[in-house]
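**Student:** Okay, so here is protein24.csv, and as you'll see once you scroll down, it has CSV, C-alpha atoms and all ligand atoms.
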chain,number,residue,atom,x,y,z
M,1,LEU,CA,6.6,31.7,-17.7
M,2,LEU,CA,7.7,28.1,-17.7
M,3,ILE,CA,7.7,26.1,-14.5
M,4,GLN,CA,9.6,22.8,-14.6
M,5,PRO,CA,7.4,19.9,-13.7
M,6,PHE,CA,8.1,17.2,-11.1
M,7,GLN,CA,9.3,14.0,-12.6
M,8,LEU,CA,8.7,10.3,-12.2
M,9,ALA,CA,10.8,7.5,-13.7
M,10,TRP,CA,8.0,5.1,-14.7
M,11,ALA,CA,10.2,2.0,-14.7
M,12,THR,CA,11.3,2.4,-11.1
M,13,GLY,CA,9.0,4.9,-9.5
M,14,ALA,CA,11.8,7.3,-8.6
M,15,LEU,CA,10.5,10.8,-8.0
M,16,SER,CA,12.6,13.9,-8.7
M,17,HIS,CA,12.7,17.6,-9.5
M,18,GLY,CA,10.8,18.7,-6.5
M,19,PRO,CA,10.8,18.7,-2.7
M,20,LEU,CA,10.1,15.1,-1.5
M,21,ILE,CA,9.0,13.5,1.7
M,22,ARG,CA,10.0,9.9,2.5
M,23,LYS,CA,8.3,7.8,5.1
M,24,THR,CA,9.8,4.4,5.8
M,25,THR,CA,7.9,1.7,7.7
M,26,LEU,CA,9.9,-1.0,9.4
M,27,LEU,CA,9.0,-4.6,10.0
M,28,GLY,CA,9.0,-3.9,13.7
M,29,ASP,CA,6.2,-1.3,13.2
M,30,LEU,CA,3.9,-4.0,11.7
M,31,SER,CA,3.7,-6.7,14.3
M,32,ALA,CA,-0.1,-6.2,14.6
M,33,ILE,CA,-0.8,-6.9,10.9
M,34,PHE,CA,0.9,-10.3,10.3
M,35,THR,CA,-0.5,-13.6,11.4
M,36,ASP,CA,2.9,-14.4,13.0
M,37,GLY,CA,3.4,-10.9,14.4
M,38,ASP,CA,6.1,-12.1,16.7
M,39,ALA,CA,8.3,-13.0,13.7
M,40,THR,CA,8.5,-9.3,12.8
M,41,GLN,CA,10.5,-8.8,16.0
M,42,LEU,CA,13.3,-11.0,14.6
M,43,PHE,CA,14.3,-8.2,12.1
M,44,PRO,CA,12.5,-5.1,13.6
M,45,ASP,CA,14.8,-2.6,11.8
M,46,ARG,CA,14.3,-4.1,8.3
M,47,PRO,CA,12.4,-1.7,6.1
M,48,ALA,CA,9.1,-3.2,4.8
M,49,TYR,CA,8.1,-0.3,2.6
M,50,ALA,CA,8.9,3.4,1.8
M,51,VAL,CA,6.5,6.0,0.6
M,52,ASP,CA,7.9,9.0,-1.4
M,53,MET,CA,5.6,12.0,-1.8
M,54,PHE,CA,6.0,15.3,-3.6
M,55,ASP,CA,5.8,17.9,-0.8
M,56,THR,CA,2.9,19.8,-2.2
M,57,PRO,CA,0.2,21.9,-0.5
M,58,GLY,CA,-2.8,20.1,0.9
M,59,GLY,CA,-6.3,21.5,1.4
M,60,GLU,CA,-9.9,21.0,0.2
M,61,GLY,CA,-9.8,20.0,-3.5
M,62,GLU,CA,-6.0,19.4,-3.6
M,63,LEU,CA,-4.4,16.1,-4.6
M,64,TYR,CA,-1.4,14.3,-3.2
M,65,VAL,CA,0.9,12.2,-5.4
M,66,GLY,CA,3.2,9.5,-4.0
M,67,VAL,CA,4.9,6.2,-4.8
M,68,THR,CA,5.0,3.2,-2.5
M,69,HIS,CA,8.0,0.9,-2.7
M,70,LEU,CA,7.0,-2.4,-1.0
M,71,TYR,CA,10.0,-4.6,-0.6
M,72,PRO,CA,9.9,-8.4,-1.2
M,73,GLY,CA,9.8,-10.7,1.7
M,74,LYS,CA,7.7,-12.8,4.0
M,75,VAL,CA,6.8,-13.0,7.6
M,76,GLY,CA,6.4,-16.7,8.1
M,77,ASP,CA,4.5,-17.7,5.0
M,78,GLU,CA,2.8,-14.3,4.6
M,79,TYR,CA,4.0,-11.8,2.0
M,80,PHE,CA,5.1,-8.3,2.9
M,81,MET,CA,2.2,-5.9,2.8
M,82,THR,CA,1.4,-2.3,3.7
M,83,ARG,CA,-0.6,-1.6,6.9
M,84,GLY,CA,-3.7,-0.8,4.9
M,85,HIS,CA,-6.4,1.7,5.7
M,86,PHE,CA,-9.8,3.3,5.1
M,87,HIS,CA,-9.7,7.0,4.4
M,88,GLN,CA,-10.8,9.2,7.3
M,89,ARG,CA,-13.0,10.9,4.8
M,90,ARG,CA,-14.7,7.6,3.9
M,91,GLU,CA,-16.2,8.8,0.7
M,92,GLN,CA,-12.9,9.7,-0.9
M,93,GLY,CA,-11.3,7.3,-3.4
M,94,GLU,CA,-7.8,6.9,-4.8
M,95,VAL,CA,-6.1,5.7,-7.9
M,96,TYR,CA,-3.1,3.3,-7.9
M,97,PHE,CA,-0.9,2.7,-11.0
M,98,GLY,CA,1.4,-0.3,-11.0
M,99,LEU,CA,5.0,0.6,-12.0
M,100,GLN,CA,7.2,-2.4,-11.3
M,101,GLY,CA,7.2,-5.8,-9.6
M,102,GLU,CA,4.3,-8.1,-9.0
M,103,GLY,CA,1.7,-8.1,-6.3
M,104,LEU,CA,-1.9,-7.6,-5.3
M,105,LEU,CA,-4.1,-4.7,-4.3
M,106,LEU,CA,-6.4,-6.0,-1.6
M,107,MET,CA,-9.6,-4.0,-1.1
M,108,GLN,CA,-12.4,-4.3,1.4
M,109,ASN,CA,-15.7,-2.4,1.7
M,110,GLN,CA,-17.5,-1.4,4.9
M,111,GLN,CA,-19.7,-4.5,4.7
M,112,GLY,CA,-16.5,-6.6,5.1
M,113,GLN,CA,-16.5,-7.9,1.5
M,114,ALA,CA,-12.9,-8.2,0.2
M,115,TRP,CA,-11.3,-8.8,-3.2
M,116,THR,CA,-7.9,-8.4,-4.9
M,117,GLU,CA,-6.6,-7.1,-8.2
M,118,PRO,CA,-3.2,-8.1,-9.6
M,119,VAL,CA,-0.7,-5.2,-9.7
M,120,PHE,CA,2.0,-5.0,-12.4
M,121,ALA,CA,3.7,-2.5,-14.6
M,122,GLY,CA,0.9,-0.7,-16.3
M,123,SER,CA,-2.0,-1.8,-14.1
M,124,VAL,CA,-4.5,0.9,-13.1
M,125,HIS,CA,-6.7,0.5,-10.0
M,126,ILE,CA,-9.6,2.8,-9.2
M,127,ILE,CA,-10.2,2.4,-5.4
M,128,PRO,CA,-13.8,3.5,-4.8
M,129,GLY,CA,-14.8,5.5,-1.8
M,130,TYR,CA,-15.7,3.6,1.4
M,131,THR,CA,-13.1,1.0,0.6
M,132,ALA,CA,-10.0,0.0,2.6
M,133,HIS,CA,-6.9,-0.8,0.6
M,134,ARG,CA,-3.6,-2.6,1.1
M,135,LEU,CA,-0.7,-3.6,-1.2
M,136,ILE,CA,0.9,-7.0,-1.0
M,137,ASN,CA,4.2,-8.0,-2.7
M,138,THR,CA,3.9,-11.5,-4.0
M,139,GLY,CA,7.1,-11.3,-6.2
M,140,SER,CA,10.8,-11.4,-5.7
M,141,GLN,CA,11.4,-7.7,-6.7
M,142,THR,CA,10.3,-4.4,-5.2
M,143,LEU,CA,6.7,-3.7,-5.9
M,144,SER,CA,6.2,0.0,-6.8
M,145,ALA,CA,2.9,1.8,-7.3
M,146,LEU,CA,2.0,5.4,-7.9
M,147,ALA,CA,-0.9,6.7,-6.0
M,148,VAL,CA,-3.0,9.9,-6.4
M,149,TRP,CA,-5.5,10.8,-3.7
M,150,PRO,CA,-7.4,13.8,-2.2
M,151,SER,CA,-5.2,15.6,0.3
M,152,THR,CA,-8.1,15.8,2.7
M,153,ALA,CA,-8.7,12.0,2.6
M,154,GLY,CA,-6.6,11.2,5.7
M,155,HIS,CA,-5.6,7.7,6.9
M,156,ASP,CA,-7.7,5.7,9.3
M,157,TYR,CA,-5.7,2.7,10.5
M,158,THR,CA,-8.0,1.8,13.4
M,159,SER,CA,-11.3,0.9,11.7
M,160,LEU,CA,-10.6,-2.7,10.7
M,161,PRO,CA,-10.8,-4.2,14.1
M,162,HIS,CA,-10.5,-7.8,12.8
M,163,GLY,CA,-8.1,-6.8,10.0
M,164,PHE,CA,-8.8,-7.6,6.4
M,165,ALA,CA,-10.9,-10.7,5.5
M,166,LEU,CA,-8.3,-12.1,3.1
M,167,ARG,CA,-4.7,-13.1,3.7
M,168,VAL,CA,-2.1,-13.8,1.0
M,169,ILE,CA,0.5,-16.5,1.7
M,170,GLU,CA,2.9,-18.7,-0.1
M,171,LYS,CA,2.1,-22.4,0.0
M,172,ALA,CA,4.1,-25.0,-1.9
M,173,GLY,CA,5.7,-22.2,-3.9
M,174,LYS,CA,2.4,-20.7,-5.0
M,175,VAL,CA,0.5,-17.6,-4.1
M,176,ARG,CA,-2.6,-18.4,-2.1
M,177,ILE,CA,-5.4,-16.0,-1.3
M,178,MET,CA,-7.1,-17.3,1.9
M,179,ALA,CA,-10.3,-16.2,3.6
M,180,VAL,CA,-9.8,-15.4,7.3
M,181,LYS,CA,-12.2,-16.9,9.8
M,182,HIS,CA,-13.0,-14.7,12.8
M,183,GLY,CA,-14.2,-16.5,15.9
M,201,LIG,O1,-2.3,6.8,-0.1
M,201,LIG,C1,-2.2,5.6,-0.1
M,201,LIG,O2,-3.2,4.8,0.0
M,201,LIG,C2,-0.8,5.0,-0.1
M,201,LIG,O3,0.1,6.0,-0.4
M,201,LIG,C3,-0.5,4.3,1.2
M,201,LIG,O4,-0.5,5.3,2.2
M,201,LIG,C4,0.9,3.6,1.2
M,201,LIG,O5,0.8,2.6,0.3
M,201,LIG,C5,1.3,3.1,2.5
M,201,LIG,O6,0.2,2.3,3.1
M,201,LIG,P1,-0.4,2.5,4.5
M,201,LIG,O7,-0.7,4.0,4.5
M,201,LIG,O8,-1.5,1.7,4.6
M,201,LIG,O9,0.7,2.2,5.5
M,202,NI,NI,-5.2,5.5,0.7
Would you mind writing the file's structure down as structure tokens?
**Tutor:**
Amino acid sequence: LLIQPFQLAWATGALSHGPLIRKTTLLGDLSAIFTDGDATQLFPDRPAYAVDMFDTPGGEGELYVGVTHLYPGKVGDEYFMTRGHFHQRREQGEVYFGLQGEGLLLMQNQQGQAWTEPVFAGSVHIIPGYTAHRLINTGSQTLSALAVWPSTAGHDYTSLPHGFALRVIEKAGKVRIMAVKHG
């Protein structure tokens, strides 16, 4: 009895040898998250990121495995980023593994404190429970990261009414992490 495993090409994040699901998010879907949201409507059909997942059973105690490919680019001076979310089951964490490219993992707790970790090939990020998370591509190549999370975690995209407390922009050719002021 020998069952062939799924496979991941570590250098690129390409998944194979099993049924896959791909979800592509377009720039036009993301107008609400960028400071210059209107600028997303200049290229609404341009893919911002794709998430590939092994199509495996969910349920209490099960894990999902997926790879996010976040493309390089900026909206105004703000780097491409994922929508970002808390888990619906707030206590459930997640692990991200950097595969290729350069970027940041932005995290924010329920008290509104936010911080970043650099993402690169070989980086490992343990996202605690009760912590919202977003990937940001600060490089010129695709940023790819493997994620493993409880299948019951769910995505809550609505519970950051003011968005994240940090924004990542390019200024004078450099990556700048800026605190957002809410008035
Ligand atoms: O499970 C995760 O946290 C990731 O697979 C994300 O869902 C993925 O990076 C896409 O981001 P978002 O769900 O915020 O659009
Ligand atoms: Ni998540």
**Student:** Can you pull out every residue within 7 Å of segment 33-44 of chain M, counting only C-alpha atoms, but drop anything in the same chain fewer than 2 positions away, and send it as a PyMOL selection string?
**Tutor:** chain M and resi 26-28+30-31+46+75-76+83
**Student:** From the options M:Ala11, M:Leu1, M:Ala147, M:Leu135, which residue's atoms come nearest to Trp115 of chain M, counting all atoms listed in the file?
**Tutor:**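 Ranked by minimum distance to Trp115 of chain M, first place goes to M:Leu135.
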**Student:** My list of candidates is M:Asp29, M:Glu102, M:Asp156, M:Glu60. Which is closest to Ile136 of chain M when distances are computed with all atoms listed in the file?
**Tutor:**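 That would be M:Glu102, the residue with the smallest distance to Ile136 of chain M.
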**Student:** With ligand NI 202 (chain M) as the partner and 9 Å as the cut-off, tabulate the residues of chain M that qualify, each row holding the nearest pair of atoms and their distance in Å to one decimal, using all atoms listed in the file, sorted by chain and rising number, as JSON lines.
**Tutor:**
{"residue": "M:Gly84", "atom": "CA", "partner": "M:NI202", "partner_atom": "NI", "distance": 7.7}
{"residue": "M:His85", "atom": "CA", "partner": "M:NI202", "partner_atom": "NI", "distance": 6.4}
{"residue": "M:Phe86", "atom": "CA", "partner": "M:NI202", "partner_atom": "NI", "distance": 6.7}
{"residue": "M:His87", "atom": "CA", "partner": "M:NI202", "partner_atom": "NI", "distance": 6.0}
{"residue": "M:Gln92", "atom": "CA", "partner": "M:NI202", "partner_atom": "NI", "distance": 8.9}
{"residue": "M:Gly93", "atom": "CA", "partner": "M:NI202", "partner_atom": "NI", "distance": 7.6}
{"residue": "M:Glu94", "atom": "CA", "partner": "M:NI202", "partner_atom": "NI", "distance": 6.2}
{"residue": "M:Val95", "atom": "CA", "partner": "M:NI202", "partner_atom": "NI", "distance": 8.6}
{"residue": "M:Ile127", "atom": "CA", "partner": "M:NI202", "partner_atom": "NI", "distance": 8.5}
{"residue": "M:Ala132", "atom": "CA", "partner": "M:NI202", "partner_atom": "NI", "distance": 7.5}
{"residue": "M:His133", "atom": "CA", "partner": "M:NI202", "partner_atom": "NI", "distance": 6.5}
{"residue": "M:Arg134", "atom": "CA", "partner": "M:NI202", "partner_atom": "NI", "distance": 8.3}
{"residue": "M:Ala147", "atom": "CA", "partner": "M:NI202", "partner_atom": "NI", "distance": 8.1}
{"residue": "M:Val148", "atom": "CA", "partner": "M:NI202", "partner_atom": "NI", "distance": 8.6}
{"residue": "M:Trp149", "atom": "CA", "partner": "M:NI202", "partner_atom": "NI", "distance": 6.9}
{"residue": "M:Ala153", "atom": "CA", "partner": "M:NI202", "partner_atom": "NI", "distance": 7.6}
{"residue": "M:Gly154", "atom": "CA", "partner": "M:NI202", "partner_atom": "NI", "distance": 7.7}
{"residue": "M:His155", "atom": "CA", "partner": "M:NI202", "partner_atom": "NI", "distance": 6.6}
{"residue": "M:Asp156", "atom": "CA", "partner": "M:NI202", "partner_atom": "NI", "distance": 9.0}
**Student:** With all atoms listed in the file as the counted atoms, please give the residues lying no more than 10 Å from Thr12 of chain M, apart from itself and same-chain residues fewer than 5 positions off, as number ranges by chain.
**Tutor:** M: 67, 69, 99-101, 121, 142-145
**Student:** Using all atoms of segment 158-173 of chain M that appear in the file, construct an axis-aligned enclosing box with 6 Å of padding on every side and provide its centre coordinates and edge lengths in Å, rounded to one decimal, as lines of an AutoDock Vina configuration file.
**Tutor:**
center_x = -2.8
center_y = -11.6
center_z = 5.1
size_x = 29.0
size_y = 38.8
size_z = 30.0
**Student:** Got a sec: who's within 8 Å of segment 163-177 of chain M, counting all atoms listed in the file, leaving out chain neighbours fewer than 5 positions off, as a PDB file with C-alpha atoms, in the frame of the given file?
**Tutor:**
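Produced file part-v1.pdb, reproduced below:
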ATOM      1  CA  ILE M  33      -0.800  -6.900  10.900  1.00  0.00           C
ATOM      2  CA  ASP M  77       4.500 -17.700   5.000  1.00  0.00           C
ATOM      3  CA  GLU M  78       2.800 -14.300   4.600  1.00  0.00           C
ATOM      4  CA  TYR M  79       4.000 -11.800   2.000  1.00  0.00           C
ATOM      5  CA  LEU M 106      -6.400  -6.000  -1.600  1.00  0.00           C
ATOM      6  CA  GLN M 108     -12.400  -4.300   1.400  1.00  0.00           C
ATOM      7  CA  GLY M 112     -16.500  -6.600   5.100  1.00  0.00           C
ATOM      8  CA  GLN M 113     -16.500  -7.900   1.500  1.00  0.00           C
ATOM      9  CA  ALA M 114     -12.900  -8.200   0.200  1.00  0.00           C
ATOM     10  CA  TRP M 115     -11.300  -8.800  -3.200  1.00  0.00           C
ATOM     11  CA  ILE M 136       0.900  -7.000  -1.000  1.00  0.00           C
ATOM     12  CA  THR M 138       3.900 -11.500  -4.000  1.00  0.00           C
TER      13      THR M 138
END
**Student:** Can you work out which one of M:Asp52, M:Glu62, M:Glu117, M:Glu91 has the shortest atom-to-atom distance to ligand LIG 201 (chain M), counting all atoms listed in the file?
**Tutor:**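 Selected residue with least distance to ligand LIG 201 (chain M): M:Asp52.
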**Student:** Which is closer to ligand LIG 201 (chain M) than all the others in M:Thr25, M:Thr152, M:Thr131, M:Gln111, using all atoms listed in the file?
**Tutor:**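 The shortest atom-to-atom distance to ligand LIG 201 (chain M) comes from M:Thr25.
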**Student:** So how many Å separate atom CA of Gly129 of chain M and atom CA of His162 of chain M, to one decimal?
**Tutor:**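 Going from atom CA of Gly129 of chain M over to atom CA of His162 of chain M covers 20.2 Å.
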**Student:** What does the distance between atom CA of Tyr49 of chain M and atom C5 of ligand LIG 201 (chain M) come to in Å, to one decimal place?
**Tutor:**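 Taking atom CA of Tyr49 of chain M as the start and atom C5 of ligand LIG 201 (chain M) as the end point, the length is 7.6 Å.
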**Student:** Enter the distance from atom CA of Phe54 of chain M to atom CA of Ser140 of chain M, in Å, rounded to one decimal.
**Tutor:**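 Separation of atom CA of Phe54 of chain M and atom CA of Ser140 of chain M: 27.2 Å.
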**Student:** Kindly indicate which residue among M:Phe120, M:Tyr96, M:Trp10, M:Tyr130 lies nearest to ligand LIG 201 (chain M), using only C-alpha atoms and all ligand atoms for the distances.
**Tutor:**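 Checking each candidate against ligand LIG 201 (chain M), we get M:Tyr96 as the closest.
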**Student:** Using all atoms listed in the file, which of the listed residues (M:Phe97, M:Gln110, M:Ile3, M:Pro161) sits closest to His182 of chain M?
**Tutor:**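 Ranking M:Phe97, M:Gln110, M:Ile3, M:Pro161 by distance to His182 of chain M, first place goes to M:Pro161.
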**Student:** May I have the protein, DNA and RNA residues with an atom at most 7 Å from (12.8, -5.7, 4.1), counting all atoms listed in the file in the file's coordinates, returned as a list in words?
**Tutor:**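 Those residues, ordered by chain and then number, are Arg46, Pro47, Ala48, Tyr71, Pro72 and Gly73 of chain M.
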